[in-house]
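input32.txt follows; it contains compact mmCIF, C-alpha atoms.
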```
# COMPACT_ATOMS: atom_id res chain seq x y z
CA MET A 1 -22.66 14.14 -16.96
CA THR A 2 -21.95 11.20 -19.21
CA ARG A 3 -21.70 9.06 -16.13
CA LEU A 4 -25.14 10.13 -14.98
CA LEU A 5 -26.49 9.40 -18.40
CA LEU A 6 -24.94 5.96 -18.27
CA ILE A 7 -26.55 5.25 -14.93
CA PHE A 8 -29.94 6.27 -16.27
CA LEU A 9 -29.41 4.16 -19.32
CA THR A 10 -28.57 1.08 -17.28
CA LEU A 11 -31.57 1.81 -15.08
CA ILE A 12 -33.80 1.87 -18.10
CA ILE A 13 -32.31 -1.29 -19.53
CA THR A 14 -32.45 -3.25 -16.31
CA GLY A 15 -35.83 -1.76 -15.52
CA CYS A 16 -37.25 -3.44 -18.59
CA ALA A 17 -35.67 -6.76 -17.85
CA THR A 18 -36.79 -7.11 -14.25
CA PRO A 19 -40.16 -8.65 -13.56
CA THR A 20 -40.32 -9.09 -9.78
CA PRO A 21 -37.80 -7.86 -7.25
CA ILE A 22 -36.88 -10.46 -4.69
CA ASN A 23 -38.06 -10.25 -1.12
CA LEU A 24 -35.51 -8.41 0.98
CA ASP A 25 -37.41 -8.31 4.27
CA ALA A 26 -35.09 -10.79 5.92
CA PHE A 27 -32.07 -8.93 4.55
CA ASN A 28 -33.29 -5.58 5.83
CA ALA A 29 -34.20 -7.07 9.19
CA ALA A 30 -30.74 -8.57 9.62
CA ALA A 31 -29.01 -5.44 8.25
CA PRO A 32 -25.59 -7.06 7.92
CA ARG A 33 -22.55 -4.81 8.07
CA SER A 34 -19.95 -7.34 7.15
CA VAL A 35 -19.96 -10.17 4.64
CA LEU A 36 -17.79 -13.25 4.79
CA VAL A 37 -17.15 -14.62 1.32
CA VAL A 38 -16.21 -18.26 1.67
CA PRO A 39 -14.38 -20.23 -1.03
CA VAL A 40 -16.50 -21.15 -4.00
CA VAL A 41 -18.02 -24.52 -4.91
CA ASN A 42 -17.05 -25.61 -8.36
CA LYS A 43 -19.38 -27.61 -10.58
CA SER A 44 -17.53 -26.77 -13.77
CA LEU A 45 -14.62 -28.66 -15.25
CA ASP A 46 -12.06 -25.92 -14.81
CA VAL A 47 -10.03 -26.48 -11.64
CA ASP A 48 -8.88 -22.87 -11.48
CA ALA A 49 -12.34 -21.34 -11.79
CA PRO A 50 -13.15 -21.14 -8.05
CA ASN A 51 -10.11 -19.03 -7.25
CA TYR A 52 -10.79 -16.73 -10.16
CA VAL A 53 -14.40 -16.24 -9.16
CA LEU A 54 -13.42 -15.71 -5.54
CA SER A 55 -11.00 -12.98 -6.52
CA ALA A 56 -13.76 -11.13 -8.38
CA LEU A 57 -16.31 -11.11 -5.54
CA PRO A 58 -15.07 -8.60 -2.93
CA VAL A 59 -14.96 -5.51 -5.14
CA PRO A 60 -18.67 -5.23 -6.03
CA LEU A 61 -19.66 -6.04 -2.45
CA ALA A 62 -17.32 -3.41 -1.08
CA GLU A 63 -18.72 -0.95 -3.61
CA LYS A 64 -22.15 -1.65 -2.18
CA GLY A 65 -20.84 -0.53 1.17
CA TYR A 66 -20.19 -3.72 3.09
CA TYR A 67 -17.14 -4.73 4.99
CA VAL A 68 -15.86 -7.74 3.08
CA PHE A 69 -13.59 -10.09 4.93
CA PRO A 70 -10.28 -10.49 3.10
CA VAL A 71 -11.03 -13.52 0.92
CA HIS A 72 -7.45 -14.69 0.63
CA THR A 73 -6.92 -14.43 4.38
CA VAL A 74 -10.18 -16.27 5.01
CA LYS A 75 -9.15 -19.00 2.61
CA PHE A 76 -5.76 -19.24 4.30
CA ILE A 77 -7.32 -19.52 7.77
CA LEU A 78 -9.81 -22.14 6.63
CA GLU A 79 -6.95 -24.14 5.15
CA GLN A 80 -5.21 -24.01 8.52
CA GLU A 81 -8.38 -25.53 9.94
CA GLY A 82 -8.20 -28.31 7.38
CA LEU A 83 -10.95 -26.95 5.16
CA TYR A 84 -9.66 -26.86 1.61
CA GLU A 85 -12.61 -27.62 -0.61
CA GLY A 86 -15.56 -25.33 -1.28
CA GLU A 87 -18.00 -28.24 -0.84
CA GLN A 88 -16.58 -28.98 2.59
CA ILE A 89 -16.85 -25.36 3.66
CA HIS A 90 -20.39 -24.91 2.34
CA GLN A 91 -21.46 -27.86 4.47
CA GLN A 92 -20.24 -26.21 7.65
CA PRO A 93 -23.08 -24.68 9.67
CA ALA A 94 -23.34 -20.97 8.94
CA PRO A 95 -23.46 -19.91 12.61
CA ALA A 96 -20.15 -21.67 13.28
CA LEU A 97 -18.45 -19.98 10.33
CA ALA A 98 -19.91 -16.59 11.21
CA LYS A 99 -18.75 -16.94 14.79
CA MET A 100 -15.29 -18.01 13.74
CA PHE A 101 -14.81 -14.80 11.74
CA GLY A 102 -17.23 -12.50 13.54
CA ALA A 103 -19.23 -11.94 10.37
CA ASP A 104 -22.81 -10.73 10.06
CA ALA A 105 -23.53 -12.60 6.85
CA ILE A 106 -21.94 -15.32 4.76
CA LEU A 107 -21.95 -15.45 1.00
CA TYR A 108 -21.87 -18.83 -0.69
CA VAL A 109 -21.22 -18.96 -4.39
CA THR A 110 -21.47 -22.00 -6.64
CA ILE A 111 -20.15 -22.14 -10.16
CA ASN A 112 -22.64 -23.95 -12.34
CA ARG A 113 -21.23 -23.20 -15.73
CA TRP A 114 -17.87 -21.95 -16.86
CA ASP A 115 -17.35 -23.13 -20.39
CA ALA A 116 -16.88 -22.24 -23.99
CA GLN A 117 -18.96 -23.86 -26.69
CA TYR A 118 -17.89 -24.00 -30.26
CA ALA A 119 -20.29 -23.90 -33.14
CA PHE A 120 -18.72 -23.71 -36.56
CA ILE A 121 -16.72 -20.50 -36.39
CA THR A 122 -18.16 -18.74 -33.37
CA THR A 123 -17.48 -19.46 -29.75
CA THR A 124 -19.91 -18.78 -26.95
CA VAL A 125 -18.46 -18.38 -23.49
CA THR A 126 -20.94 -19.01 -20.70
CA VAL A 127 -20.70 -18.48 -16.97
CA GLN A 128 -23.45 -19.23 -14.50
CA PHE A 129 -23.23 -18.69 -10.76
CA ASP A 130 -25.55 -19.35 -7.85
CA TYR A 131 -25.34 -16.88 -4.99
CA LYS A 132 -26.75 -17.41 -1.53
CA MET A 133 -26.36 -15.19 1.49
CA LEU A 134 -27.08 -16.48 4.97
CA SER A 135 -27.21 -14.45 8.14
CA ARG A 136 -25.21 -15.10 11.26
CA ASP A 137 -28.00 -17.29 12.68
CA GLY A 138 -28.37 -19.30 9.49
CA THR A 139 -31.50 -17.73 7.96
CA GLU A 140 -31.44 -17.13 4.26
CA LEU A 141 -31.18 -13.45 3.41
CA TRP A 142 -30.75 -13.40 -0.30
CA LYS A 143 -30.42 -15.76 -3.20
CA ALA A 144 -29.76 -15.24 -6.88
CA ARG A 145 -28.65 -16.96 -10.02
CA LYS A 146 -26.80 -15.17 -12.75
CA THR A 147 -25.98 -16.36 -16.23
CA LEU A 148 -23.95 -14.39 -18.70
CA GLN A 149 -22.91 -15.27 -22.21
CA TYR A 150 -20.40 -13.71 -24.44
CA GLN A 151 -19.76 -14.10 -28.13
CA PRO A 152 -16.63 -12.54 -29.50
CA GLN A 153 -17.54 -10.21 -32.34
CA SER A 154 -15.42 -10.35 -35.40
CA SER A 155 -14.64 -6.90 -36.65
CA GLY A 156 -15.52 -7.78 -40.19
CA GLY A 157 -17.31 -5.87 -42.87
CA GLY A 158 -16.55 -5.93 -46.52
CA HIS A 159 -15.20 -8.97 -48.18
CA PRO A 160 -17.05 -12.15 -47.12
CA LEU A 161 -13.90 -14.26 -47.18
CA ALA A 162 -12.07 -11.75 -44.99
CA MET A 163 -14.97 -11.82 -42.57
CA LEU A 164 -14.87 -15.59 -42.47
CA ILE A 165 -11.15 -15.59 -41.72
CA GLY A 166 -11.62 -12.90 -39.08
CA ALA A 167 -14.35 -14.94 -37.40
CA ALA A 168 -12.21 -18.05 -37.48
CA ILE A 169 -9.34 -16.19 -35.86
CA SER A 170 -11.47 -14.74 -33.09
CA ALA A 171 -13.00 -18.18 -32.47
CA ALA A 172 -9.54 -19.70 -32.27
CA VAL A 173 -8.41 -17.05 -29.83
CA ALA A 174 -11.47 -17.54 -27.66
CA ARG A 175 -10.92 -21.27 -27.77
CA ALA A 176 -7.30 -21.08 -26.76
CA ALA A 177 -7.87 -18.68 -23.89
CA PRO A 178 -11.53 -18.11 -23.18
CA ASN A 179 -11.84 -14.79 -21.49
CA TYR A 180 -13.88 -15.56 -18.42
CA MET A 181 -12.73 -12.79 -16.16
CA PRO A 182 -14.58 -9.81 -17.67
CA LEU A 183 -17.68 -11.97 -17.81
CA THR A 184 -17.26 -13.05 -14.20
CA GLN A 185 -16.69 -9.51 -12.99
CA GLN A 186 -19.71 -8.36 -14.94
CA ALA A 187 -21.88 -11.12 -13.49
CA ASN A 188 -20.84 -10.31 -9.94
CA LEU A 189 -21.37 -6.60 -10.43
CA GLN A 190 -24.79 -7.03 -12.00
CA VAL A 191 -26.10 -9.49 -9.47
CA PHE A 192 -25.33 -7.22 -6.52
CA THR A 193 -26.12 -3.83 -7.99
CA MET A 194 -28.68 -4.11 -10.77
CA GLY A 195 -32.23 -5.14 -11.34
CA ALA A 196 -34.27 -7.52 -9.28
CA THR A 197 -31.39 -9.13 -7.46
CA ALA A 198 -29.71 -5.96 -6.19
CA ILE A 199 -28.96 -5.99 -2.48
CA PRO A 200 -29.60 -2.97 -0.22
CA ASP A 201 -26.76 -0.54 0.37
CA GLY A 202 -24.41 -1.38 3.21
CA PRO A 203 -23.26 0.90 6.02
CA TYR A 204 -20.28 2.23 4.05
CA SER A 205 -22.19 2.92 0.87
CA LYS A 206 -21.35 6.19 -0.81
CA SER A 207 -24.96 7.08 -1.54
CA ARG A 208 -25.85 6.50 2.09
CA GLU A 209 -23.00 8.70 3.25
CA ILE A 210 -24.21 11.49 0.97
CA ARG A 211 -27.73 11.15 2.30
CA SER A 212 -26.65 11.33 5.93
CA ALA A 213 -24.38 14.29 5.22
CA ARG A 214 -27.31 16.40 4.04
CA MET B 1 -4.58 -8.60 -8.85
CA LEU B 2 -5.50 -11.55 -6.71
CA TYR B 3 -6.59 -13.25 -9.90
CA GLN B 4 -3.12 -12.85 -11.34
CA SER B 5 -1.46 -14.42 -8.35
CA TYR B 6 -3.80 -17.38 -8.52
CA LYS B 7 -3.10 -17.73 -12.18
CA ASP B 8 0.62 -17.48 -11.73
CA PRO B 9 1.93 -18.16 -8.22
CA ALA B 10 5.32 -16.76 -9.18
CA LYS B 11 3.78 -13.30 -9.30
CA VAL B 12 2.89 -13.27 -5.61
CA GLU B 13 5.96 -11.25 -4.75
CA ALA B 14 5.13 -8.68 -7.40
CA MET B 15 1.57 -8.49 -6.20
CA ARG B 16 2.69 -7.83 -2.65
CA THR B 17 4.84 -4.87 -3.58
CA ASN B 18 2.13 -3.60 -5.90
CA LEU B 19 -0.52 -3.85 -3.20
CA GLU B 20 1.71 -2.20 -0.66
CA SER B 21 2.46 0.76 -2.88
CA GLN B 22 -1.25 1.16 -3.63
CA ILE B 23 -2.12 1.16 0.03
CA LEU B 24 0.60 3.71 0.74
CA ALA B 25 -0.74 5.90 -2.05
CA LEU B 26 -4.24 5.73 -0.60
CA GLU B 27 -3.01 6.49 2.88
CA SER B 28 -0.99 9.47 1.76
CA THR B 29 -4.08 11.05 0.18
CA GLY B 30 -6.11 10.40 3.31
CA GLN B 31 -8.54 8.00 1.68
CA ARG B 32 -9.90 5.02 3.46
CA VAL B 33 -8.26 1.82 2.26
CA ALA B 34 -10.78 -0.72 0.93
CA PRO B 35 -11.87 -3.44 3.34
CA GLY B 36 -9.54 -6.39 3.61
CA LEU B 37 -6.60 -4.93 1.72
CA HIS B 38 -4.44 -4.46 4.80
CA ALA B 39 -5.28 -7.96 5.96
CA GLU B 40 -4.54 -9.48 2.57
CA LEU B 41 -1.17 -7.81 2.56
CA GLY B 42 -0.59 -9.10 6.07
CA THR B 43 -1.39 -12.63 4.98
CA LEU B 44 0.94 -12.35 2.02
CA TYR B 45 3.71 -11.32 4.40
CA LEU B 46 2.81 -14.13 6.76
CA GLN B 47 2.95 -16.66 3.94
CA SER B 48 6.40 -15.47 3.02
CA GLY B 49 7.51 -15.73 6.65
CA ASN B 50 7.57 -12.09 7.73
CA LYS B 51 5.52 -12.17 10.91
CA GLY B 52 6.38 -8.69 12.14
CA LYS B 53 5.06 -6.99 9.04
CA ALA B 54 2.09 -9.34 8.93
CA LYS B 55 1.10 -8.29 12.43
CA ALA B 56 1.52 -4.60 11.66
CA PHE B 57 -0.88 -4.86 8.75
CA TYR B 58 -3.40 -6.92 10.71
CA ILE B 59 -3.43 -4.17 13.32
CA LYS B 60 -4.00 -1.57 10.62
CA GLU B 61 -6.92 -3.57 9.26
CA ARG B 62 -8.43 -3.81 12.72
CA ASP B 63 -8.14 -0.07 13.29
CA THR B 64 -9.56 0.88 9.90
CA TRP B 65 -12.56 -1.45 9.91
CA PRO B 66 -14.26 -2.18 13.24
CA GLU B 67 -16.09 -5.14 11.68
CA SER B 68 -12.82 -7.01 11.37
CA ARG B 69 -11.90 -6.66 15.04
CA GLY B 70 -12.85 -10.17 16.13
CA LEU B 71 -10.96 -11.93 13.37
CA MET B 72 -7.93 -9.66 13.44
CA ASN B 73 -7.55 -9.95 17.22
CA ALA B 74 -7.64 -13.74 16.92
CA VAL B 75 -5.04 -13.70 14.16
CA ILE B 76 -2.78 -11.30 16.06
CA ASP B 77 -3.10 -13.38 19.24
CA ASN B 78 -2.06 -16.46 17.30
CA LEU B 79 0.97 -14.64 15.93
CA ASP B 80 1.92 -13.49 19.42
CA LYS B 81 1.70 -17.01 20.76
CA GLU B 82 3.81 -18.65 18.10
CA PRO B 83 7.19 -16.99 18.75
CA LYS B 84 6.84 -17.85 22.46
CA ARG B 85 6.36 -21.49 21.62
CA GLN B 86 9.53 -21.39 19.56
CA THR B 87 11.57 -19.83 22.35
CA GLU B 88 10.23 -22.28 24.88
CA THR B 89 11.07 -25.44 22.99
CA PRO B 90 14.91 -25.14 23.10
CA LYS B 91 14.95 -25.29 26.91
```
Starting from the file, lay out its structure as structure tokens.
Amino acid sequence: MTRLLLIFLTLIITGCATPTPINLDAFNAAAPRSVLVVPVVNKSLDVDAPNYVLSALPVPLAEKGYYVFPVHTVKFILEQEGLYEGEQIHQQPAPALAKMFGADAILYVTINRWDAQYAFITTTVTVQFDYKMLSRDGTELWKARKTLQYQPQSSGGGHPLAMLIGAAISAAVARAAPNYMPLTQQANLQVFTMGATAIPDGPYSKSREIRSAR
Amino acid sequence: MLYQSYKDPAKVEAMRTNLESQILALESTGQRVAPGLHAELGTLYLQSGNKGKAKAFYIKERDTWPESRGLMNAVIDNLDKEPKRQTETPK
């Protein structure tokens, strides 16, 4: 019951925030069953970011009902072929990649922002990703950009000096180890499942299975 | 979990056992294992040099998810070829 309520709530929230849904004609026409997630292009300064983002991509896609090629295996195979860098891989023609893995669609992700900005005693962590999905024959199926920001909340209240110290501590913690992963997971989940950018359900989607069972 | 192993390569071993036990748990309850998990486990075994187990898990992946057939067959073929090459070279 609470879960249903939550779904409605998110529907309402995202419903307000979505002006125009993107055109999914090409996506529906191609009706991909499997998605190949290739290693990520990194435009941020963090060298580890691409691997982190890559590791957070398969789950939401699988939840949507698509077969997701094992990202680590794909990365390993591409490395055997001499393709290490995301840039290099994104330049490969999509049909060649799709043929190599037998995939219906390829997902390219670019990290635009992955940083923490400090202003006085608060820290703002920002992630921004570009998503692009191409079909097996190279036509663009879907494209989205997602930006998420996070500001650690100090659990203050009461004495102003205590609040100030609390804020300083939380800023220091965020500065030492900015917590990108929840933000990244959230961004990936939202972009595929919510609002204007949501992609259609895949063949293994739970809601589709329920519908066909009736 | 994959995130952890990227963050700390020393944890790969732990991740492999963890993943394997999760897959076994899913199999024992009759649930379908999420796409790619078998293959990822196979690759982890391959990277640590255990080709037999790697192949077994690639085959499982292929049988669970028809979409993976092309890739898994290619990977399994490659694994089958490699030991032959090794036995041929000493001659």
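In this structure, atom CA of A:Gly138 sits 10.0 Å away from atom CA of A:Leu97.
When the distance limit is 10 Å and only C-alpha atoms are what count, the residues near A:Val59, minus those fewer than 6 positions from it on the same chain, are Gly65, Tyr66, Val68, Gln185, Asn188 and Leu189 of chain A; Ala34 and Pro35 of chain B.
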Would you give me, as a PDB file with C-alpha atoms, in the coordinates of the input, the residues of chain A that come within 12 Å of chain B, using all atoms listed in the file?
```pdb
ATOM      1  CA  PRO A  32     -25.590  -7.060   7.920  1.00  0.00           C
ATOM      2  CA  ARG A  33     -22.550  -4.810   8.070  1.00  0.00           C
ATOM      3  CA  SER A  34     -19.950  -7.340   7.150  1.00  0.00           C
ATOM      4  CA  VAL A  35     -19.960 -10.170   4.640  1.00  0.00           C
ATOM      5  CA  LEU A  36     -17.790 -13.250   4.790  1.00  0.00           C
ATOM      6  CA  VAL A  37     -17.150 -14.620   1.320  1.00  0.00           C
ATOM      7  CA  VAL A  47     -10.030 -26.480 -11.640  1.00  0.00           C
ATOM      8  CA  ASP A  48      -8.880 -22.870 -11.480  1.00  0.00           C
ATOM      9  CA  ALA A  49     -12.340 -21.340 -11.790  1.00  0.00           C
ATOM     10  CA  PRO A  50     -13.150 -21.140  -8.050  1.00  0.00           C
ATOM     11  CA  ASN A  51     -10.110 -19.030  -7.250  1.00  0.00           C
ATOM     12  CA  TYR A  52     -10.790 -16.730 -10.160  1.00  0.00           C
ATOM     13  CA  VAL A  53     -14.400 -16.240  -9.160  1.00  0.00           C
ATOM     14  CA  LEU A  54     -13.420 -15.710  -5.540  1.00  0.00           C
ATOM     15  CA  SER A  55     -11.000 -12.980  -6.520  1.00  0.00           C
ATOM     16  CA  ALA A  56     -13.760 -11.130  -8.380  1.00  0.00           C
ATOM     17  CA  LEU A  57     -16.310 -11.110  -5.540  1.00  0.00           C
ATOM     18  CA  PRO A  58     -15.070  -8.600  -2.930  1.00  0.00           C
ATOM     19  CA  VAL A  59     -14.960  -5.510  -5.140  1.00  0.00           C
ATOM     20  CA  PRO A  60     -18.670  -5.230  -6.030  1.00  0.00           C
ATOM     21  CA  LEU A  61     -19.660  -6.040  -2.450  1.00  0.00           C
ATOM     22  CA  ALA A  62     -17.320  -3.410  -1.080  1.00  0.00           C
ATOM     23  CA  GLU A  63     -18.720  -0.950  -3.610  1.00  0.00           C
ATOM     24  CA  LYS A  64     -22.150  -1.650  -2.180  1.00  0.00           C
ATOM     25  CA  GLY A  65     -20.840  -0.530   1.170  1.00  0.00           C
ATOM     26  CA  TYR A  66     -20.190  -3.720   3.090  1.00  0.00           C
ATOM     27  CA  TYR A  67     -17.140  -4.730   4.990  1.00  0.00           C
ATOM     28  CA  VAL A  68     -15.860  -7.740   3.080  1.00  0.00           C
ATOM     29  CA  PHE A  69     -13.590 -10.090   4.930  1.00  0.00           C
ATOM     30  CA  PRO A  70     -10.280 -10.490   3.100  1.00  0.00           C
ATOM     31  CA  VAL A  71     -11.030 -13.520   0.920  1.00  0.00           C
ATOM     32  CA  HIS A  72      -7.450 -14.690   0.630  1.00  0.00           C
ATOM     33  CA  THR A  73      -6.920 -14.430   4.380  1.00  0.00           C
ATOM     34  CA  VAL A  74     -10.180 -16.270   5.010  1.00  0.00           C
ATOM     35  CA  LYS A  75      -9.150 -19.000   2.610  1.00  0.00           C
ATOM     36  CA  PHE A  76      -5.760 -19.240   4.300  1.00  0.00           C
ATOM     37  CA  ILE A  77      -7.320 -19.520   7.770  1.00  0.00           C
ATOM     38  CA  GLN A  80      -5.210 -24.010   8.520  1.00  0.00           C
ATOM     39  CA  LEU A  97     -18.450 -19.980  10.330  1.00  0.00           C
ATOM     40  CA  ALA A  98     -19.910 -16.590  11.210  1.00  0.00           C
ATOM     41  CA  LYS A  99     -18.750 -16.940  14.790  1.00  0.00           C
ATOM     42  CA  MET A 100     -15.290 -18.010  13.740  1.00  0.00           C
ATOM     43  CA  PHE A 101     -14.810 -14.800  11.740  1.00  0.00           C
ATOM     44  CA  GLY A 102     -17.230 -12.500  13.540  1.00  0.00           C
ATOM     45  CA  ALA A 103     -19.230 -11.940  10.370  1.00  0.00           C
ATOM     46  CA  ASP A 104     -22.810 -10.730  10.060  1.00  0.00           C
ATOM     47  CA  ALA A 105     -23.530 -12.600   6.850  1.00  0.00           C
ATOM     48  CA  TYR A 180     -13.880 -15.560 -18.420  1.00  0.00           C
ATOM     49  CA  MET A 181     -12.730 -12.790 -16.160  1.00  0.00           C
ATOM     50  CA  PRO A 182     -14.580  -9.810 -17.670  1.00  0.00           C
ATOM     51  CA  THR A 184     -17.260 -13.050 -14.200  1.00  0.00           C
ATOM     52  CA  GLN A 185     -16.690  -9.510 -12.990  1.00  0.00           C
ATOM     53  CA  PRO A 203     -23.260   0.900   6.020  1.00  0.00           C
ATOM     54  CA  TYR A 204     -20.280   2.230   4.050  1.00  0.00           C
ATOM     55  CA  SER A 205     -22.190   2.920   0.870  1.00  0.00           C
TER      56      SER A 205
END
```
Problem set entry | For atom CA of A:Gln91 and atom CA of A:Arg145, the interatomic separation in Å (one decimal) | 19.5 Å
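For the pair atom CA of A:Gln128 and atom CA of A:Asn179, the separation is 14.3 Å.
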